[in-house]
Amino acid sequence: MANLMMRLPISLRSFSVSASSSNGSPPVIGGSSGGVGPIIVELPLGKIRRPLMRTRSNDQNKVKELMDSISQIGLQVPIDVIEVDGTYYGFSGCHRYEAHQKLGLPTIRCKIRKGTKETLRHHLR
């Protein structure tokens with residue numbers, strides 16, 4: 001049996017990180033480069049900032065279809081999140097994120113990559 005140790009910012013130590021998968025497939029932790037790449041974890045929706053939500057609206061038919069799918073088989077593809085200085089920013093998966101919100105799910109599976117403030121500025125252009 002393998003043990004998993006993760007270093008998390010102090011702001012995230014108040015919730016548990018699950019290595020289980022909502023769709024029954026085994027979780028993926030770390031990248032192909034020996035754990036240096038992105039990791040996949042469940043994050044509380046409230047911990048993810050969505051800076052583009054103010055300027056874009058989602059197709060509500062697609063959100064409804066995703067709600068039905070997530071209810072039946074779970075989330076199939078994690079959303080992409082960039083972590084900058086302990087804060088999480090979501091730039092993809094807007095429909096999946098909204099579907100989770102409307103379903104009242106507390107967490108969402110995320111593929112987290114480390115970034116810098118410059119990376120963040122690049123995504124906001």
# chains A, B, ... in the order shown; residues from 1 in each chain; ligands from 1

call {"tool": "residues_around", "arguments": {"residues": "Lys47 of chain A", "least_positions_apart": "4", "cutoff": "9 Å", "atoms": "only C-alpha atoms", "output": "compact mmCIF listing (two decimals) with C-alpha atoms, in the first residue's frame"}}
result
# COMPACT_ATOMS: atom_id res chain seq x y z
CA LEU A 12 -6.05 24.78 2.05
CA LEU A 43 -11.13 21.51 -4.70
CA THR A 87 -4.85 31.20 -4.92
CA TYR A 88 -6.63 29.07 -7.52
CA TYR A 89 -7.86 30.50 -10.83

call {"tool": "residues_around", "arguments": {"residues": "Gln101 of chain A", "least_positions_apart": "2", "cutoff": "12 Å", "atoms": "only C-alpha atoms", "output": "PyMOL selection string"}}
result
chain A and resi 44-46+48+63-64+66-67+70+94-99+103-108

call {"tool": "write_last_selection", "arguments": {"atoms": "C-alpha atoms", "output": "tab-separated table (two decimals), in the first residue's frame"}}
result
chain	number	residue	atom	x	y	z
A	44	PRO	CA	-14.04	23.29	-3.02
A	45	LEU	CA	-15.87	25.45	-5.58
A	46	GLY	CA	-15.47	28.46	-3.30
A	48	ILE	CA	-11.60	28.70	-7.26
A	63	VAL	CA	-24.94	23.28	-18.62
A	64	LYS	CA	-28.17	21.24	-18.31
A	66	LEU	CA	-23.61	18.38	-18.19
A	67	MET	CA	-25.74	18.38	-15.04
A	70	ILE	CA	-22.49	14.45	-14.01
A	94	CYS	CA	-16.89	27.08	-17.26
A	95	HIS	CA	-19.87	24.88	-18.14
A	96	ARG	CA	-18.66	22.03	-15.90
A	97	TYR	CA	-18.09	24.48	-13.03
A	98	GLU	CA	-21.59	25.97	-13.38
A	99	ALA	CA	-23.13	22.48	-13.60
A	103	LEU	CA	-26.16	20.57	-8.65
A	104	GLY	CA	-25.05	21.83	-5.24
A	105	LEU	CA	-21.83	19.83	-5.32
A	106	PRO	CA	-19.26	21.20	-2.86
A	107	THR	CA	-16.13	20.22	-4.82
A	108	ILE	CA	-14.92	19.74	-8.38

call {"tool": "closest_residue", "arguments": {"among": "A:Lys117, A:Lys111, A:His122, A:Lys102", "to": "Gly90 of chain A", "atoms": "only C-alpha atoms"}}
result
A:Lys111

call {"tool": "atom_distance", "arguments": {"atom1": "atom CA of Asn58 of chain A", "atom2": "atom CA of Ser92 of chain A"}}
result
11.8 Å

call {"tool": "atom_distance", "arguments": {"atom1": "atom CA of Arg50 of chain A", "atom2": "atom CA of Glu65 of chain A"}}
result
21.2 Å

call {"tool": "closest_residue", "arguments": {"among": "A:Asp68, A:Asp59, A:Thr116, A:Ile39", "to": "Asp80 of chain A", "atoms": "only C-alpha atoms"}}
result
A:Ile39

call {"tool": "closest_residue", "arguments": {"among": "A:Arg109, A:Leu120, A:Gln76, A:Ser69", "to": "Phe91 of chain A", "atoms": "only C-alpha atoms"}}
result
A:Leu120
